[in-house]
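Comments concern the structure below.
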There are 2 protein chains.
Amino acid sequence: MAAPTFEHAGSIQWALDLIGDRWTILIVRAVFRGLHRFDDLRRDLTISRPVLADRLARLVDCGVLERRRYQQRPERFEYRLTAMGIELSPILVALMRWGDIWLSDDNGPETVLIHGECGHPLDQPLVCWTCNTTVSPFGIRSRPTGPDPTGDPS
Amino acid sequence: MAAPTFEHAGSIQWALDLIGDRWTILIVRAVFRGLHRFDDLRRDLTISRPVLADRLARLVDCGVLERRRYQQRPERFEYRLTAMGIELSPILVALMRWGDIWLSDDNGPETVLIHGECGHPLDQPLVCWTCNTTVSPFGIRSRPTGPDPTGDPS
DNA sequence: GACGTAGGTTCGTGATTCGAACCGACTCCG
DNA sequence: CGGAGTCGGTTCGAATCACGAACCTACGTC
């Protein structure tokens, strides 16, 4: 059984350059939750004004958020997720599930994410739609970065 | 259509406290790829010695990595993923897929992760095994943090 | 005994991040 | 009219963090 390769560091590196600091993910999550205004975000996250302003500008710059004027006189702006931002949700889901399973302080909740329609737990598997099977982390290869380096099995 | 809630910030907050800096994820990824020794990691990541030592110690502390002696005289150690560490893979996958789709510089590779057995692309959906359906980010509720705050639809 | 390797620690500097304070444009209240 | 409040920031000086360079230990090798 070969190890997962996780080649193509660039993708992860780039992603981390944008969202790999302590606040950005939490900001995106807050916007998901319906907080769109500067002061709402600041209160909810207890983040300092300069850092929030910087992160929001960066997220708008790279296309994760959209800055939208919601009134004139005085001009006021709110932040909305773009398609690029909405597609961050698998990362949020993965972080949340992992944190919930492994880091719950004592007898924390075991199942956080549930299906809105039926109320049953959600899973986030790797799926090959061609084989119609779920795939373990050890069934991954990467393309086009060549053959896997055959990391010796742990 | 209600927004996803992503309640229970604690889970994400805790996860980010451990793995939310610029290096930790990259270190975990490198260990996944088969790099287990201090100097191999340092060379691969071009990370400074103090930071690598600090991150490895922290990861061992919190149970993501295991420090294992692989020889005596002189004592030498290597780092292996624990179960907790292996289960970080959904986060790596999500980061990688997002970065690859949205951040590839020009005509970068569109499909990085493929099924080792069949060579077809892998997907990482949200699945409700009870309904046997995939769920969009907007079909998520969270438990037990109460009813969703009905984030106004974007 | 000089050199190489493996796995770190110590140290001083320079970049981040922080809270506190300030600012500008406007509204509301009296 | 004057003062307070709201919203969305920017500026500033102090504290924290991450960095490379150098050093250290313990061993093997030439």
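Chain labels follow the order of the structure tokens: the first chain is A, the next B, and so on; residue numbering restarts at 1 in every chain, and ligands are counted from 1 in their shown order.
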
Hey, which bits of chain D sit within 10 Å of chain A, and for each residue what's the closest pair of atoms and how far apart in Å (one decimal), counting only C-alpha atoms (C1' of nucleotides), rows by chain and increasing number, as a Markdown table?
| residue | atom | partner | partner_atom | distance |
| --- | --- | --- | --- | --- |
| D:DT6 | C1' | A:Asp39 | CA | 9.9 |
| D:DC7 | C1' | A:Arg76 | CA | 7.1 |
| D:DG8 | C1' | A:Phe38 | CA | 6.7 |
| D:DG9 | C1' | A:Ala53 | CA | 7.3 |
| D:DT10 | C1' | A:Pro50 | CA | 7.9 |
| D:DT11 | C1' | A:Pro50 | CA | 9.7 |

Restrict the selected residues to C-alpha atoms (C1' of nucleotides) and save them as a PDB file, in the first residue's frame.
ATOM      1  C1'  DT D   6     -22.443  54.668  13.809  1.00  0.00           C
ATOM      2  C1'  DC D   7     -19.645  52.701  10.328  1.00  0.00           C
ATOM      3  C1'  DG D   8     -15.434  51.776   8.093  1.00  0.00           C
ATOM      4  C1'  DG D   9     -11.465  52.354   8.147  1.00  0.00           C
ATOM      5  C1'  DT D  10      -5.923  54.420   8.921  1.00  0.00           C
ATOM      6  C1'  DT D  11      -1.884  55.625  11.865  1.00  0.00           C
TER       7       DT D  11
END

All in-order C-alpha pairs, least squares, chain A moved onto chain B. Output the fitted coordinates as a short mmCIF file (atom, residue, chain, number, x, y, z; two decimals) with C-alpha atoms, in the first residue's frame, please.
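Final output, saved to out-v1.cif:
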data_model
loop_
_atom_site.label_atom_id
_atom_site.label_comp_id
_atom_site.auth_asym_id
_atom_site.auth_seq_id
_atom_site.Cartn_x
_atom_site.Cartn_y
_atom_site.Cartn_z
CA MET A 1 -31.99 28.39 0.74
CA ALA A 2 -30.25 28.95 4.02
CA ALA A 3 -26.55 29.58 4.33
CA PRO A 4 -24.30 26.94 5.82
CA THR A 5 -23.92 27.60 9.47
CA PHE A 6 -20.40 26.50 10.32
CA GLU A 7 -21.34 26.97 13.93
CA HIS A 8 -19.22 25.61 16.70
CA ALA A 9 -16.27 27.83 16.00
CA GLY A 10 -14.34 25.99 18.66
CA SER A 11 -13.57 23.07 16.39
CA ILE A 12 -12.13 25.26 13.69
CA GLN A 13 -10.42 27.52 16.18
CA TRP A 14 -8.72 24.59 17.89
CA ALA A 15 -7.70 23.06 14.61
CA LEU A 16 -6.24 26.35 13.48
CA ASP A 17 -4.38 26.79 16.74
CA LEU A 18 -2.52 23.59 15.94
CA ILE A 19 -2.20 23.59 12.19
CA GLY A 20 -3.08 27.14 11.22
CA ASP A 21 0.37 28.55 10.66
CA ARG A 22 2.31 28.75 7.46
CA TRP A 23 4.45 25.67 7.99
CA THR A 24 2.53 23.01 9.86
CA ILE A 25 0.34 21.86 6.99
CA LEU A 26 3.34 21.73 4.68
CA ILE A 27 5.24 19.65 7.22
CA VAL A 28 2.36 17.20 7.53
CA ARG A 29 2.13 16.97 3.78
CA ALA A 30 5.85 16.25 3.54
CA VAL A 31 5.53 13.47 6.10
CA PHE A 32 2.65 12.06 4.06
CA ARG A 33 4.95 12.06 1.07
CA GLY A 34 7.46 9.90 2.85
CA LEU A 35 9.87 12.41 4.37
CA HIS A 36 10.37 11.40 7.98
CA ARG A 37 13.73 12.84 9.06
CA PHE A 38 14.64 16.26 10.29
CA ASP A 39 17.13 17.10 7.59
CA ASP A 40 15.03 15.68 4.78
CA LEU A 41 12.15 17.86 5.88
CA ARG A 42 14.38 20.86 6.21
CA ARG A 43 15.78 20.45 2.73
CA ASP A 44 12.45 19.77 1.11
CA LEU A 45 10.63 22.66 2.72
CA THR A 46 13.54 25.11 2.92
CA ILE A 47 12.41 25.88 6.43
CA SER A 48 14.73 27.19 9.11
CA ARG A 49 15.99 24.76 11.72
CA PRO A 50 14.47 26.46 14.76
CA VAL A 51 11.02 26.70 13.21
CA LEU A 52 11.08 23.10 12.03
CA ALA A 53 12.19 21.88 15.45
CA ASP A 54 9.47 23.92 17.12
CA ARG A 55 6.72 22.72 14.77
CA LEU A 56 7.74 19.09 15.01
CA ALA A 57 7.78 19.27 18.80
CA ARG A 58 4.36 20.87 18.78
CA LEU A 59 2.95 18.26 16.41
CA VAL A 60 4.35 15.47 18.57
CA ASP A 61 2.95 17.19 21.65
CA CYS A 62 -0.56 17.32 20.32
CA GLY A 63 -0.48 13.80 18.91
CA VAL A 64 -0.34 14.39 15.17
CA LEU A 65 3.17 12.99 14.80
CA GLU A 66 5.04 10.31 16.66
CA ARG A 67 8.76 10.66 17.35
CA ARG A 68 10.37 7.30 16.90
CA ARG A 69 13.98 6.32 17.41
CA TYR A 70 15.28 4.52 14.39
CA GLN A 71 18.83 3.96 15.60
CA GLN A 72 20.99 4.20 18.68
CA ARG A 73 24.56 5.38 18.90
CA PRO A 74 24.07 8.06 17.97
CA GLU A 75 20.40 8.40 18.74
CA ARG A 76 18.42 9.36 15.70
CA PHE A 77 14.72 10.03 15.43
CA GLU A 78 12.14 10.11 12.72
CA TYR A 79 8.61 11.37 12.61
CA ARG A 80 5.58 9.31 11.68
CA LEU A 81 1.94 10.21 11.33
CA THR A 82 -0.39 8.96 14.01
CA ALA A 83 -4.02 8.12 13.25
CA MET A 84 -4.80 11.70 14.17
CA GLY A 85 -2.26 12.86 11.64
CA ILE A 86 -3.45 10.57 8.87
CA GLU A 87 -6.93 11.92 9.30
CA LEU A 88 -5.68 15.35 8.40
CA SER A 89 -5.69 14.15 4.81
CA PRO A 90 -9.17 15.52 4.00
CA ILE A 91 -7.87 18.96 4.90
CA LEU A 92 -4.85 18.51 2.65
CA VAL A 93 -7.08 17.23 -0.12
CA ALA A 94 -9.47 20.15 0.22
CA LEU A 95 -6.64 22.68 0.25
CA MET A 96 -5.01 21.08 -2.73
CA ARG A 97 -8.15 20.89 -4.81
CA TRP A 98 -9.09 24.46 -4.07
CA GLY A 99 -5.63 25.79 -4.72
CA ASP A 100 -5.36 23.83 -7.91
CA ILE A 101 -8.68 24.98 -9.29
CA TRP A 102 -8.47 28.63 -8.31
CA LEU A 103 -4.83 29.49 -8.09
CA SER A 104 -3.08 27.69 -10.91
CA ASP A 105 -0.81 30.32 -12.39
CA ASP A 106 -1.70 30.07 -16.06
CA ASN A 107 -2.92 26.83 -17.57
CA GLY A 108 -1.95 24.75 -14.58
CA PRO A 109 -3.15 21.21 -14.16
CA GLU A 110 -6.86 21.00 -13.66
CA THR A 111 -6.99 17.58 -12.09
CA VAL A 112 -4.37 16.71 -9.56
CA LEU A 113 -5.85 13.93 -7.50
CA ILE A 114 -6.70 10.70 -9.21
CA HIS A 115 -7.76 7.30 -8.08
CA GLY A 116 -4.70 5.08 -7.88
CA GLU A 117 -6.55 1.99 -9.04
CA CYS A 118 -8.32 3.36 -12.09
CA GLY A 119 -6.65 6.65 -12.89
CA HIS A 120 -9.81 8.69 -12.88
CA PRO A 121 -10.27 11.95 -10.99
CA LEU A 122 -11.25 12.00 -7.35
CA ASP A 123 -14.00 14.10 -5.87
CA GLN A 124 -14.51 15.15 -2.28
CA PRO A 125 -18.24 15.66 -1.84
CA LEU A 126 -20.38 16.04 1.21
CA VAL A 127 -22.46 12.92 1.50
CA CYS A 128 -25.48 11.97 3.54
CA TRP A 129 -25.33 8.17 3.66
CA THR A 130 -28.87 8.02 4.98
CA CYS A 131 -30.38 9.82 2.01
CA ASN A 132 -27.60 8.51 -0.25
CA THR A 133 -27.16 11.94 -1.79
CA THR A 134 -24.47 14.53 -2.05
CA VAL A 135 -25.13 17.78 -0.23
CA SER A 136 -24.19 21.29 -1.27
CA PRO A 137 -22.61 23.69 1.24
CA PHE A 138 -26.05 25.19 1.61
CA GLY A 139 -27.58 21.95 2.80
CA ILE A 140 -25.52 21.88 5.97
CA ARG A 141 -26.83 22.33 9.46
CA SER A 142 -24.84 21.99 12.63
CA ARG A 143 -25.57 20.29 15.86
CA PRO A 144 -25.85 20.93 18.77
CA THR A 145 -25.40 24.65 18.49
CA GLY A 146 -29.06 25.33 18.04
CA PRO A 147 -31.12 26.45 15.07
CA ASP A 148 -29.32 28.06 12.22
CA PRO A 149 -29.08 31.86 12.39
CA THR A 150 -30.66 32.02 8.95
CA GLY A 151 -27.94 34.04 7.38
CA ASP A 152 -29.69 36.05 4.71
CA PRO A 153 -29.04 34.44 1.36
CA SER A 154 -26.33 36.16 -0.62
#

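Interface residues of chain C facing chain B, defined by any atom at most 12 Å away and using only C-alpha atoms (C1' of nucleotides), are C:DT5, C:DA6, C:DG7, C:DG8, C:DT9, C:DT10, C:DC11.
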
One-decimal distance in Å that lies between C1' of DC22 in chain C and C1' of DC1 in chain D: 25.0 Å

Straight-line distance linking C1' of DC12 in chain D with C1' of DG12 in chain C, stated in Å to one decimal: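 So the answer is 24.9 Å.
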
Alpha helix (DSSP H) positions in chain B, given as number ranges by chain: B: 9-19, 24-32, 38-45, 49-62, 83-86, 89-103

Grab the residues selected above and save them as a CSV table (one decimal), in the first residue's frame with C-alpha atoms.
chain,number,residue,atom,x,y,z
B,9,ALA,CA,-16.3,27.8,16.0
B,10,GLY,CA,-14.3,26.0,18.6
B,11,SER,CA,-13.6,23.1,16.3
B,12,ILE,CA,-12.1,25.3,13.6
B,13,GLN,CA,-10.4,27.5,16.1
B,14,TRP,CA,-8.7,24.6,17.8
B,15,ALA,CA,-7.7,23.1,14.6
B,16,LEU,CA,-6.2,26.4,13.4
B,17,ASP,CA,-4.4,26.8,16.7
B,18,LEU,CA,-2.5,23.6,15.9
B,19,ILE,CA,-2.2,23.6,12.1
B,24,THR,CA,2.6,23.0,9.8
B,25,ILE,CA,0.4,21.9,7.0
B,26,LEU,CA,3.4,21.7,4.7
B,27,ILE,CA,5.3,19.7,7.2
B,28,VAL,CA,2.4,17.2,7.5
B,29,ARG,CA,2.2,17.0,3.8
B,30,ALA,CA,5.9,16.3,3.5
B,31,VAL,CA,5.6,13.5,6.1
B,32,PHE,CA,2.7,12.1,4.1
B,38,PHE,CA,14.6,16.2,10.3
B,39,ASP,CA,17.2,17.1,7.7
B,40,ASP,CA,15.1,15.7,4.8
B,41,LEU,CA,12.2,17.8,5.9
B,42,ARG,CA,14.4,20.8,6.3
B,43,ARG,CA,15.9,20.4,2.8
B,44,ASP,CA,12.5,19.7,1.2
B,45,LEU,CA,10.7,22.7,2.7
B,49,ARG,CA,16.0,24.7,11.8
B,50,PRO,CA,14.5,26.5,14.8
B,51,VAL,CA,11.0,26.7,13.2
B,52,LEU,CA,11.1,23.1,12.1
B,53,ALA,CA,12.2,21.9,15.5
B,54,ASP,CA,9.4,23.9,17.1
B,55,ARG,CA,6.7,22.7,14.8
B,56,LEU,CA,7.7,19.1,15.0
B,57,ALA,CA,7.7,19.3,18.8
B,58,ARG,CA,4.3,20.9,18.8
B,59,LEU,CA,2.9,18.3,16.4
B,60,VAL,CA,4.3,15.5,18.6
B,61,ASP,CA,2.9,17.2,21.6
B,62,CYS,CA,-0.6,17.3,20.3
B,83,ALA,CA,-4.0,8.1,13.2
B,84,MET,CA,-4.8,11.7,14.1
B,85,GLY,CA,-2.3,12.9,11.6
B,86,ILE,CA,-3.4,10.6,8.8
B,89,SER,CA,-5.7,14.2,4.8
B,90,PRO,CA,-9.2,15.5,4.0
B,91,ILE,CA,-7.9,19.0,4.9
B,92,LEU,CA,-4.8,18.5,2.6
B,93,VAL,CA,-7.1,17.2,-0.2
B,94,ALA,CA,-9.5,20.2,0.2
B,95,LEU,CA,-6.6,22.7,0.2
B,96,MET,CA,-5.0,21.1,-2.8
B,97,ARG,CA,-8.1,20.9,-4.8
B,98,TRP,CA,-9.1,24.5,-4.1
B,99,GLY,CA,-5.6,25.8,-4.8
B,100,ASP,CA,-5.4,23.8,-7.9
B,101,ILE,CA,-8.7,25.0,-9.3
B,102,TRP,CA,-8.5,28.6,-8.4
B,103,LEU,CA,-4.9,29.5,-8.2
